$ cat target_22.cif   # mmCIF, C-alpha atoms and all ligand atoms
data_input
loop_
_atom_site.label_atom_id
_atom_site.label_comp_id
_atom_site.auth_asym_id
_atom_site.auth_seq_id
_atom_site.Cartn_x
_atom_site.Cartn_y
_atom_site.Cartn_z
CA MET A 67 24.07 16.59 65.25
CA THR A 68 27.35 18.15 64.08
CA GLU A 69 30.39 16.10 63.11
CA GLN A 70 32.05 17.23 66.33
CA THR A 71 29.29 16.07 68.65
CA LYS A 72 28.79 12.77 66.85
CA LEU A 73 32.41 11.85 67.62
CA GLY A 74 32.24 12.95 71.26
CA GLY A 75 34.01 16.31 70.87
CA THR A 76 37.74 16.95 70.85
CA LEU A 77 40.61 16.64 73.32
CA THR A 78 43.89 18.52 72.88
CA LEU A 79 46.96 16.57 73.98
CA PRO A 80 48.72 18.51 76.77
CA GLY A 81 51.39 20.97 75.67
CA THR A 82 50.61 20.37 71.98
CA SER A 83 48.42 21.62 69.17
CA THR A 84 47.27 18.06 68.47
CA HIS A 85 43.47 17.93 68.60
CA LEU A 86 41.95 14.46 68.69
CA ARG A 87 38.29 13.64 68.27
CA ARG A 88 37.35 11.53 71.26
CA MET A 89 36.05 8.67 69.10
CA GLY A 90 38.99 7.21 67.21
CA TYR A 91 39.78 3.86 65.64
CA GLY A 92 42.10 1.00 66.69
CA ALA A 93 43.64 -0.69 63.65
CA MET A 94 45.05 -3.85 65.25
CA GLN A 95 42.29 -6.18 64.02
CA LEU A 96 42.91 -5.27 60.37
CA SER A 97 45.90 -7.58 59.93
CA GLY A 98 43.70 -10.67 60.33
CA PRO A 99 43.03 -13.49 62.82
CA GLY A 100 45.64 -13.71 65.58
CA ILE A 101 46.88 -10.27 64.44
CA TRP A 102 49.01 -12.15 61.93
CA GLY A 103 48.66 -11.00 58.35
CA PRO A 104 47.89 -10.73 55.60
CA PRO A 105 44.11 -10.58 56.09
CA ARG A 106 41.79 -12.59 53.85
CA ASP A 107 40.40 -9.40 52.28
CA VAL A 108 42.76 -6.42 52.12
CA ASP A 109 40.18 -4.33 50.22
CA ALA A 110 37.71 -4.77 53.09
CA ALA A 111 40.36 -3.56 55.56
CA ILE A 112 41.06 -0.53 53.35
CA ALA A 113 37.32 0.21 53.17
CA VAL A 114 37.07 0.24 56.99
CA LEU A 115 39.92 2.74 57.32
CA ARG A 116 38.55 5.02 54.60
CA GLU A 117 35.06 4.92 56.10
CA ALA A 118 36.45 5.83 59.56
CA VAL A 119 38.27 8.87 58.16
CA ALA A 120 35.29 9.86 55.98
CA PHE A 121 33.16 9.81 59.15
CA GLY A 122 35.52 12.31 60.78
CA VAL A 123 37.88 10.07 62.77
CA ASN A 124 41.27 11.79 63.08
CA HIS A 125 42.94 9.40 65.54
CA ILE A 126 44.10 5.95 64.42
CA ASP A 127 45.98 3.68 66.80
CA THR A 128 48.41 1.12 65.38
CA SER A 129 51.80 -0.55 65.73
CA ASP A 130 54.35 -1.98 63.36
CA TYR A 131 54.22 -5.26 65.29
CA TYR A 132 50.59 -5.80 64.24
CA GLY A 133 50.68 -8.22 61.38
CA PRO A 134 53.77 -7.79 61.82
CA GLN A 135 54.13 -4.70 59.60
CA VAL A 136 50.87 -5.59 57.83
CA THR A 137 48.52 -3.17 59.62
CA ASN A 138 50.78 -0.18 58.94
CA GLN A 139 51.15 -1.13 55.28
CA ILE A 140 47.34 -1.33 54.95
CA ILE A 141 46.98 2.10 56.62
CA LYS A 142 49.45 3.55 54.13
CA LYS A 143 47.70 1.90 51.18
CA ALA A 144 44.30 3.15 52.35
CA LEU A 145 45.11 6.68 53.44
CA HIS A 146 48.44 7.93 52.05
CA PRO A 147 48.89 10.81 51.27
CA TYR A 148 47.38 11.41 54.67
CA PRO A 149 44.70 14.09 55.11
CA ALA A 150 45.70 17.13 57.16
CA GLY A 151 44.91 16.66 60.82
CA LEU A 152 44.97 12.85 60.80
CA VAL A 153 46.95 11.68 63.84
CA ILE A 154 48.44 8.20 63.73
CA VAL A 155 49.47 6.96 67.16
CA THR A 156 51.82 4.00 67.17
CA LYS A 157 53.76 2.05 69.76
CA VAL A 158 57.09 0.33 70.22
CA GLY A 159 58.39 -2.06 72.89
CA ALA A 160 57.17 -5.42 71.61
CA ARG A 161 57.73 -7.76 68.70
CA ARG A 162 56.21 -10.97 67.33
CA GLY A 163 58.05 -14.29 67.52
CA ALA A 164 58.06 -16.66 64.52
CA ASP A 165 55.55 -18.76 66.52
CA LYS A 166 53.23 -15.70 66.64
CA SER A 167 54.02 -15.05 70.30
CA TRP A 168 54.18 -11.49 71.70
CA LEU A 169 57.64 -10.68 73.05
CA PRO A 170 59.19 -7.59 74.67
CA ALA A 171 61.50 -5.50 72.45
CA LEU A 172 62.87 -2.81 74.73
CA SER A 173 66.57 -2.76 73.93
CA ARG A 174 68.01 0.39 72.37
CA GLU A 175 68.50 -1.36 69.03
CA GLU A 176 64.98 -2.83 69.00
CA LEU A 177 63.40 0.53 69.84
CA ILE A 178 65.32 2.37 67.13
CA ASP A 179 64.43 -0.39 64.61
CA GLY A 180 60.80 -0.15 65.76
CA ILE A 181 60.65 3.59 65.09
CA HIS A 182 62.25 3.25 61.67
CA GLY A 183 59.91 0.34 60.81
CA ASN A 184 56.89 2.48 61.70
CA LEU A 185 58.19 5.42 59.66
CA ARG A 186 58.88 3.23 56.64
CA ASN A 187 55.66 1.21 56.67
CA LEU A 188 53.43 4.21 57.39
CA GLY A 189 55.29 6.38 54.87
CA ARG A 190 55.93 9.25 57.26
CA ASP A 191 58.96 11.45 58.02
CA ALA A 192 57.99 11.76 61.69
CA LEU A 193 55.59 9.88 63.95
CA ASP A 194 52.82 11.96 65.58
CA VAL A 195 52.68 10.09 68.89
CA VAL A 196 54.63 7.02 70.00
CA ASN A 197 53.61 4.99 73.04
CA LEU A 198 56.37 3.15 74.88
CA ARG A 199 54.75 -0.24 75.55
CA VAL A 200 56.09 -2.00 78.67
CA GLY A 201 54.84 -4.55 81.23
CA GLY A 202 53.13 -7.92 80.68
CA MET A 203 50.48 -8.93 78.15
CA MET A 204 47.49 -7.43 79.96
CA ALA A 205 48.80 -5.74 83.09
CA PRO A 206 51.67 -3.43 83.98
CA ALA A 207 54.63 -4.59 86.06
CA GLU A 208 56.40 -2.14 88.38
CA GLY A 209 60.03 -1.30 87.58
CA SER A 210 62.03 1.52 86.06
CA ILE A 211 61.23 2.46 82.44
CA GLU A 212 63.96 5.11 82.28
CA GLU A 213 66.32 3.30 79.94
CA PRO A 214 63.88 2.66 77.06
CA LEU A 215 62.21 6.04 77.58
CA ARG A 216 65.53 7.87 77.17
CA VAL A 217 65.92 6.18 73.76
CA LEU A 218 62.56 7.62 72.64
CA VAL A 219 63.53 11.06 73.98
CA GLU A 220 66.70 10.88 71.87
CA LEU A 221 64.63 10.01 68.76
CA LYS A 222 62.26 12.87 69.59
CA LEU A 223 65.24 15.26 69.69
CA GLN A 224 66.22 13.93 66.25
CA GLY A 225 62.74 14.92 65.00
CA LEU A 226 61.51 11.37 64.34
CA ILE A 227 58.83 11.49 67.07
CA ARG A 228 56.61 14.48 67.91
CA HIS A 229 55.02 13.34 71.19
CA ILE A 230 55.53 10.48 73.64
CA GLY A 231 52.96 8.36 75.48
CA LEU A 232 53.13 5.26 77.65
CA SER A 233 51.27 1.97 77.46
CA ASN A 234 50.61 -0.65 80.14
CA VAL A 235 52.11 1.41 82.97
CA THR A 236 51.47 2.19 86.63
CA PRO A 237 51.06 5.68 88.15
CA ARG A 238 54.57 5.34 89.61
CA GLN A 239 56.02 4.67 86.17
CA LEU A 240 54.23 7.75 84.83
CA GLN A 241 55.78 9.84 87.61
CA GLU A 242 59.23 8.52 86.74
CA ALA A 243 58.60 9.27 83.05
CA GLN A 244 57.41 12.82 83.76
CA ARG A 245 60.75 13.58 85.43
CA ILE A 246 62.37 12.73 82.07
CA THR A 247 59.98 14.08 79.41
CA GLU A 248 56.44 15.28 78.71
CA ILE A 249 53.90 12.43 78.48
CA VAL A 250 50.76 13.16 76.46
CA CYS A 251 48.77 9.93 76.78
CA ILE A 252 48.44 6.65 78.65
CA GLN A 253 47.14 3.49 76.95
CA ASN A 254 46.14 0.79 79.45
CA PHE A 255 43.62 -2.08 79.68
CA TYR A 256 40.27 -0.68 80.81
CA ASN A 257 36.58 -1.02 80.04
CA VAL A 258 33.19 -1.02 81.77
CA ALA A 259 33.90 -4.46 83.30
CA ASN A 260 37.63 -3.94 84.08
CA ARG A 261 38.09 -0.81 86.11
CA GLY A 262 41.44 -1.28 87.83
CA ASP A 263 42.57 2.16 86.55
CA ASP A 264 39.70 4.24 87.99
CA ALA A 265 41.99 6.18 90.35
CA PHE A 266 44.70 6.53 87.68
CA ILE A 267 42.21 8.07 85.23
CA ASP A 268 41.03 10.52 87.89
CA ALA A 269 44.64 11.56 88.56
CA LEU A 270 45.37 12.10 84.85
CA ALA A 271 42.28 14.22 84.12
CA PRO A 272 43.45 17.47 85.80
CA GLN A 273 46.79 17.21 83.95
CA GLY A 274 44.92 16.90 80.63
CA ILE A 275 46.74 13.66 79.84
CA ALA A 276 44.63 11.49 77.53
CA TYR A 277 43.68 8.06 78.84
CA VAL A 278 43.14 5.68 75.92
CA PRO A 279 41.76 2.31 77.01
CA PHE A 280 42.92 -0.69 75.06
CA PHE A 281 40.35 -3.49 74.73
CA PRO A 282 37.50 -0.97 75.28
CA LEU A 283 35.10 -3.67 74.07
CA GLY A 284 36.87 -6.55 75.82
CA GLY A 285 39.40 -7.25 73.04
CA PHE A 286 39.80 -10.88 71.96
CA THR A 287 36.84 -11.91 74.16
CA PRO A 288 34.31 -9.12 73.54
CA LEU A 289 32.29 -7.99 76.57
CA GLN A 290 29.25 -10.05 77.51
CA SER A 291 26.94 -8.82 80.23
CA SER A 292 23.24 -9.10 80.90
CA VAL A 293 23.34 -5.55 82.31
CA LEU A 294 24.86 -4.21 79.07
CA ASP A 295 22.21 -6.12 77.10
CA ARG A 296 19.37 -4.74 79.25
CA VAL A 297 20.59 -1.14 79.12
CA ALA A 298 21.18 -1.41 75.38
CA ALA A 299 17.66 -2.75 74.77
CA SER A 300 16.16 0.09 76.80
CA LEU A 301 18.02 2.64 74.62
CA GLN A 302 17.48 0.79 71.34
CA ALA A 303 21.25 0.65 71.00
CA SER A 304 23.76 -2.21 70.80
CA PRO A 305 25.63 -3.46 73.90
CA MET A 306 28.94 -2.34 72.34
CA GLN A 307 27.56 1.16 71.76
CA VAL A 308 26.58 1.34 75.41
CA ALA A 309 30.06 0.16 76.51
CA LEU A 310 31.67 2.91 74.41
CA ALA A 311 29.20 5.60 75.50
CA TRP A 312 29.88 4.67 79.15
CA LEU A 313 33.63 5.21 78.60
CA LEU A 314 33.07 8.62 76.96
CA HIS A 315 30.81 9.62 79.80
CA HIS A 316 33.16 8.30 82.50
CA SER A 317 35.88 10.92 82.15
CA PRO A 318 36.52 13.84 79.76
CA ASN A 319 40.14 12.75 79.23
CA ILE A 320 39.17 9.33 77.83
CA LEU A 321 39.76 8.84 74.08
CA LEU A 322 38.43 5.75 72.35
CA ILE A 323 40.11 3.42 69.85
CA PRO A 324 37.63 0.54 69.41
CA GLY A 325 38.90 -2.03 66.95
CA THR A 326 36.95 -3.75 64.21
CA SER A 327 37.47 -5.28 60.81
CA SER A 328 33.77 -4.90 59.94
CA LEU A 329 32.12 -1.88 58.31
CA ASN A 330 28.87 -2.53 60.17
CA HIS A 331 30.62 -2.68 63.53
CA LEU A 332 32.60 0.45 62.65
CA ARG A 333 29.38 2.39 61.97
CA ASP A 334 27.87 1.01 65.19
CA ASN A 335 30.91 2.16 67.18
CA LEU A 336 31.27 5.60 65.62
CA THR A 337 27.63 6.49 66.22
CA ALA A 338 27.91 5.45 69.89
CA ALA A 339 29.28 8.88 70.78
CA ALA A 340 25.84 10.37 70.20
CA LEU A 341 24.21 8.05 72.77
CA GLU A 342 22.90 9.79 75.92
CA LEU A 343 23.16 7.75 79.12
CA PRO A 344 20.75 8.83 81.87
CA ALA A 345 22.01 8.70 85.48
CA ASP A 346 19.96 5.63 86.46
CA LEU A 347 21.41 3.61 83.58
CA ILE A 348 24.95 4.77 84.42
CA ALA A 349 24.40 3.47 87.96
CA GLU A 350 23.34 0.12 86.50
CA LEU A 351 26.42 0.02 84.28
CA ASN A 352 28.68 0.87 87.22
CA ALA A 353 27.50 -2.35 88.86
CA ILE A 354 29.03 -4.48 86.06
CA ALA A 355 32.57 -4.12 87.38
CA GLU A 356 31.44 -4.61 91.00
CA ASN A 357 29.62 -7.82 90.00
CA ALA A 358 32.67 -9.04 88.06
CA ARG A 359 34.92 -8.34 91.10
CA ALA A 360 32.54 -10.16 93.45
CA ALA A 361 32.32 -13.14 91.09
CA ALA A 362 36.13 -13.32 90.84
CA GLN A 363 36.46 -13.18 94.66
CA SER A 364 33.90 -15.91 95.26
CA ALA A 365 35.67 -18.12 92.71
CA HIS A 366 38.82 -18.05 94.88
N1 LIG A 401 48.74 -1.01 74.13
C1 LIG A 401 48.44 -2.29 74.06
O1 LIG A 401 49.07 -3.12 74.67
C2 LIG A 401 47.26 -2.72 73.24
C3 LIG A 401 46.77 -4.02 73.38
C4 LIG A 401 45.66 -4.36 72.62
C5 LIG A 401 45.07 -3.47 71.74
N2 LIG A 401 45.59 -2.21 71.62
C6 LIG A 401 44.94 -1.19 70.76
O2 LIG A 401 43.60 -1.06 71.15
C7 LIG A 401 42.73 -1.14 70.01
C8 LIG A 401 41.41 -1.75 70.43
O3 LIG A 401 41.61 -3.07 70.88
P1 LIG A 401 40.97 -4.36 70.19
O4 LIG A 401 40.57 -4.10 68.80
O5 LIG A 401 41.90 -5.48 70.43
O6 LIG A 401 39.76 -4.64 71.13
P2 LIG A 401 38.30 -4.01 71.29
O7 LIG A 401 38.19 -2.72 70.59
O8 LIG A 401 38.00 -4.09 72.73
O9 LIG A 401 37.38 -5.12 70.60
C9 LIG A 401 37.58 -5.61 69.34
C10 LIG A 401 36.68 -6.84 69.19
O10 LIG A 401 35.31 -6.46 69.30
C11 LIG A 401 34.62 -6.77 68.08
N3 LIG A 401 33.76 -5.63 67.81
C12 LIG A 401 34.13 -4.36 67.55
N4 LIG A 401 33.05 -3.57 67.39
C13 LIG A 401 31.97 -4.35 67.58
C14 LIG A 401 30.58 -4.11 67.56
N5 LIG A 401 30.08 -2.90 67.32
N6 LIG A 401 29.73 -5.16 67.79
C15 LIG A 401 30.22 -6.38 68.03
N7 LIG A 401 31.54 -6.67 68.07
C16 LIG A 401 32.41 -5.67 67.85
C17 LIG A 401 35.70 -6.95 67.03
O11 LIG A 401 35.30 -7.91 66.08
P3 LIG A 401 35.00 -7.50 64.55
O12 LIG A 401 36.31 -7.27 63.88
O13 LIG A 401 34.25 -8.68 64.02
O14 LIG A 401 34.14 -6.27 64.60
C18 LIG A 401 36.86 -7.49 67.86
O15 LIG A 401 36.71 -8.89 68.04
C19 LIG A 401 43.51 -2.00 69.01
O16 LIG A 401 43.13 -1.77 67.69
C20 LIG A 401 44.93 -1.56 69.28
O17 LIG A 401 45.23 -0.48 68.46
C21 LIG A 401 46.66 -1.83 72.37
#
$ encode --input "target_22.cif" --output "structure tokens"
Amino acid sequence: MTEQTKLGGTLTLPGTSTHLRRMGYGAMQLSGPGIWGPPRDVDAAIAVLREAVAFGVNHIDTSDYYGPQVTNQIIKKALHPYPAGLVIVTKVGARRGADKSWLPALSREELIDGIHGNLRNLGRDALDVVNLRVGGMMAPAEGSIEEPLRVLVELKLQGLIRHIGLSNVTPRQLQEAQRITEIVCIQNFYNVANRGDDAFIDALAPQGIAYVPFFPLGGFTPLQSSVLDRVAASLQASPMQVALAWLLHHSPNILLIPGTSSLNHLRDNLTAAALELPADLIAELNAIAENARAAAQSAH
């Protein structure tokens, strides 16, 4: 197994020379419980980041509002000066309230502050990729995103941002955005049990736009499914490895950013890319979302 195959191969962001290994790492959990820092053990968080990069990960997802500011400062402490080829994808559009709530931050001033906060706390002169995060907590909400997007385009022209992505958006919002600027990735809620974006992913694939599911393992309530357990046992793998392997198999434009604060879970996740899923087991896994939909309907 080469380093390339163990991380699921590489995807090049459209219109760029940015090559991302398909298995990346989501850094949100590093700031501690409730994503409110500092974490109990900063050295353990640093060890997770260094191990991910040593394993070959070259795509780390973060935001300055994780912690707040704490996750980015840990990334800088762990990895700066950054190795060549490491791509740090961040996002703006939200902020944390003093009561730890998650609030929108989409005004011009908040977006500009957000970009400068990311630059400062990551220790970079320019940000590789910035996702404009809009919508509600878990799901997008229709409506124009032109105003905040134009602010990011302005900052891109100033050289502070290299590439722009969108998070928590609908296909219509992507279309609006593409009339304004090039969009290289979409980051929405999606996993083996939550497949509301199936058609969206299919539409993005021919354009080469990366689809990066957030909560690939279920997020704050990690996935639990007897089907996942059964398939995992038959492959001598863990249920989380199967959930990640299913995502990699599902579409070639999917990139993964599973989050963990544990070295053991990190190793489990990174080796999932090498897992082969035979067709009969994929069919079983496809039933998870159908069962979840049926259960939700019968509950109403
Ligand atoms: N755009 C957005 O709005 C948005 C929203 C949420 C998240 N994100 C991004 O998406 C990334 C991933 O999301 P996430 O970390 O919240 O959710 P996730 O990757 O779906 O799951 C993380 C949870 O699963 C556990 N876990 C991870 N690997 C495991 C394993 N092998 N076995 C058992 N449990 C495991 C983690 O606990 P341990 O720490 O104990 O391993 C944690 O509780 C984040 O880091 C963030 O960068 C973006």
$ residues_near_ligand --input "target_22.cif" --ligand "ligand LIG 401 (chain A)" --cutoff "6 Å" --atoms "only C-alpha atoms and all ligand atoms" --output "PyMOL selection string"
chain A and resi 92-95+127-128+233+253+280-286+288+306+323-328+331+334-335
$ residues_around --input "target_22.cif" --residues "range 345-355 of chain A" --least-positions-apart "5" --cutoff "7 Å" --atoms "all atoms listed in the file" --output "PyMOL selection string"
chain A and resi 258-261+293-294+297
$ closest_residue --input "target_22.cif" --among "A:Val195, A:Ala311, A:Val158, A:Ile267" --to "Pro214 in chain A" --atoms "all atoms listed in the file"
A:Val158
$ residues_around --input "target_22.cif" --residues "Ser83 in chain A" --least-positions-apart "6" --cutoff "12 Å" --atoms "only C-alpha atoms" --output "list in words"
Thr76, Leu77, Gly151, Val153, Asp194, Arg228, His229 and Val250 of chain A
$ axis_aligned_box --input "target_22.cif" --around "range 288-297 of chain A" --padding-each-side "4 Å" --output "JSON"
{"center_x": 26.8, "center_y": -5.6, "center_z": 77.9, "size_x": 22.9, "size_y": 16.9, "size_z": 16.8}
$ atom_distance --input "target_22.cif" --atom1 "CA of Ala160 in chain A" --atom2 "CA of Leu218 in chain A"
14.1 Å
$ atom_distance --input "target_22.cif" --atom1 "CA of Leu240 in chain A" --atom2 "CA of Gly74 in chain A"
26.4 Å
$ atom_distance --input "target_22.cif" --atom1 "CA of Ile230 in chain A" --atom2 "CA of Ile178 in chain A"
14.3 Å
$ closest_residue --input "target_22.cif" --among "A:Leu79, A:Ala362, A:Ala113, A:Leu198" --to "Ser173 in chain A" --atoms "all atoms listed in the file"
A:Leu198
$ closest_residue --input "target_22.cif" --among "A:Arg216, A:Arg161, A:His315, A:Lys143" --to "Tyr131 in chain A" --atoms "only C-alpha atoms"
A:Arg161
$ closest_atom_pairs --input "target_22.cif" --of "range 221-333 of chain A" --to "range 337-343 of chain A" --cutoff "12 Å" --atoms "all atoms listed in the file" --output "CSV"
residue,atom,partner,partner_atom,distance
A:Val297,CA,A:Leu343,CA,9.3
A:Ala298,CA,A:Leu343,CA,10.1
A:Ser300,CA,A:Leu343,CA,10.6
A:Leu301,CA,A:Leu341,CA,8.4
A:Gln302,CA,A:Leu341,CA,10.0
A:Ala303,CA,A:Leu341,CA,8.2
A:Ser304,CA,A:Ala338,CA,8.8
A:Pro305,CA,A:Ala338,CA,10.0
A:Met306,CA,A:Ala338,CA,8.2
A:Gln307,CA,A:Ala338,CA,4.7
A:Val308,CA,A:Ala338,CA,7.0
A:Ala309,CA,A:Ala338,CA,8.7
A:Leu310,CA,A:Ala338,CA,6.4
A:Ala311,CA,A:Ala339,CA,5.7
A:Trp312,CA,A:Leu343,CA,7.4
A:Leu313,CA,A:Ala339,CA,9.7
A:Leu314,CA,A:Ala339,CA,7.3
A:His315,CA,A:Leu343,CA,7.9
A:His316,CA,A:Leu343,CA,10.6
A:Leu321,CA,A:Ala339,CA,11.0
A:Leu322,CA,A:Ala339,CA,9.8
A:Pro324,CA,A:Ala338,CA,10.9
A:Asn330,CA,A:Thr337,CA,10.9
A:His331,CA,A:Thr337,CA,10.0
A:Leu332,CA,A:Thr337,CA,8.6
A:Arg333,CA,A:Thr337,CA,6.2
$ residues_around --input "target_22.cif" --residues "range 203-206 of chain A" --least-positions-apart "3" --cutoff "9 Å" --atoms "all atoms listed in the file" --output "list of chain:residue names"
A:Trp168, A:Leu169, A:Val200, A:Ser233, A:Asn234, A:Val235, A:Thr236, A:Asn254, A:Phe255
$ residues_around --input "target_22.cif" --residues "Pro134 in chain A" --least-positions-apart "5" --cutoff "8 Å" --atoms "only C-alpha atoms" --output "list in words"
Ile101, Trp102, Gly103, Arg161 and Arg162 of chain A
$ closest_residue --input "target_22.cif" --among "A:Arg238, A:Pro272, A:Asn184, A:Ala111" --to "Glu212 in chain A" --atoms "all atoms listed in the file"
A:Arg238
$ closest_residue --input "target_22.cif" --among "A:Gly100, A:Leu152, A:Gly189, A:Leu177" --to "Ile140 in chain A" --atoms "only C-alpha atoms"
A:Gly189
$ residues_around --input "target_22.cif" --residues "Val119 in chain A" --least-positions-apart "6" --cutoff "12 Å" --atoms "only C-alpha atoms" --output "ChimeraX atom specification"
/A:69,73,87,89-91,112-113,125-126,141,144-146,148-154,332-333,336
$ decode --input "target_22.cif" --residues "range 92-100 of chain A" --atoms "all heavy atoms" --output "short mmCIF file (atom, residue, chain, number, x, y, z; two decimals), in the first residue's frame"
data_model
loop_
_atom_site.label_atom_id
_atom_site.label_comp_id
_atom_site.auth_asym_id
_atom_site.auth_seq_id
_atom_site.Cartn_x
_atom_site.Cartn_y
_atom_site.Cartn_z
N GLY A 92 -10.36 17.00 10.31
CA GLY A 92 -11.15 18.13 10.80
C GLY A 92 -10.72 18.49 12.22
O GLY A 92 -10.77 17.64 13.11
N ALA A 93 -10.30 19.73 12.42
CA ALA A 93 -9.63 20.10 13.68
C ALA A 93 -10.56 20.65 14.75
O ALA A 93 -10.12 20.99 15.85
CB ALA A 93 -8.54 21.13 13.38
N MET A 94 -11.86 20.72 14.47
CA MET A 94 -12.78 21.39 15.40
C MET A 94 -12.72 20.84 16.82
O MET A 94 -12.73 21.60 17.79
CB MET A 94 -14.21 21.27 14.84
CG MET A 94 -15.24 21.98 15.67
SD MET A 94 -16.88 21.94 14.92
CE MET A 94 -17.50 20.38 15.51
N GLN A 95 -12.64 19.50 16.94
CA GLN A 95 -12.71 18.88 18.27
C GLN A 95 -11.51 19.23 19.16
O GLN A 95 -11.58 19.04 20.37
CB GLN A 95 -12.76 17.35 18.14
CG GLN A 95 -13.86 16.80 17.24
CD GLN A 95 -15.25 16.93 17.86
OE1 GLN A 95 -15.37 17.08 19.08
NE2 GLN A 95 -16.28 16.89 17.04
N LEU A 96 -10.44 19.75 18.57
CA LEU A 96 -9.21 19.94 19.34
C LEU A 96 -9.31 21.01 20.41
O LEU A 96 -8.53 21.03 21.35
CB LEU A 96 -8.04 20.30 18.41
CG LEU A 96 -7.56 19.20 17.47
CD1 LEU A 96 -6.36 19.67 16.66
CD2 LEU A 96 -7.22 17.93 18.25
N SER A 97 -10.29 21.94 20.26
CA SER A 97 -10.34 23.03 21.25
C SER A 97 -10.99 22.60 22.56
O SER A 97 -10.96 23.34 23.52
CB SER A 97 -11.01 24.26 20.66
OG SER A 97 -12.20 23.90 20.04
N GLY A 98 -11.57 21.38 22.60
CA GLY A 98 -12.11 20.88 23.87
C GLY A 98 -13.61 20.72 23.84
O GLY A 98 -14.26 21.05 22.85
N PRO A 99 -14.19 20.24 24.96
CA PRO A 99 -15.63 19.98 25.03
C PRO A 99 -16.43 21.24 24.71
O PRO A 99 -16.08 22.33 25.17
CB PRO A 99 -15.85 19.55 26.49
CG PRO A 99 -14.51 19.12 26.98
CD PRO A 99 -13.49 19.90 26.20
N GLY A 100 -17.50 21.07 23.92
CA GLY A 100 -18.33 22.21 23.53
C GLY A 100 -17.62 23.13 22.56
O GLY A 100 -18.07 24.23 22.26
#
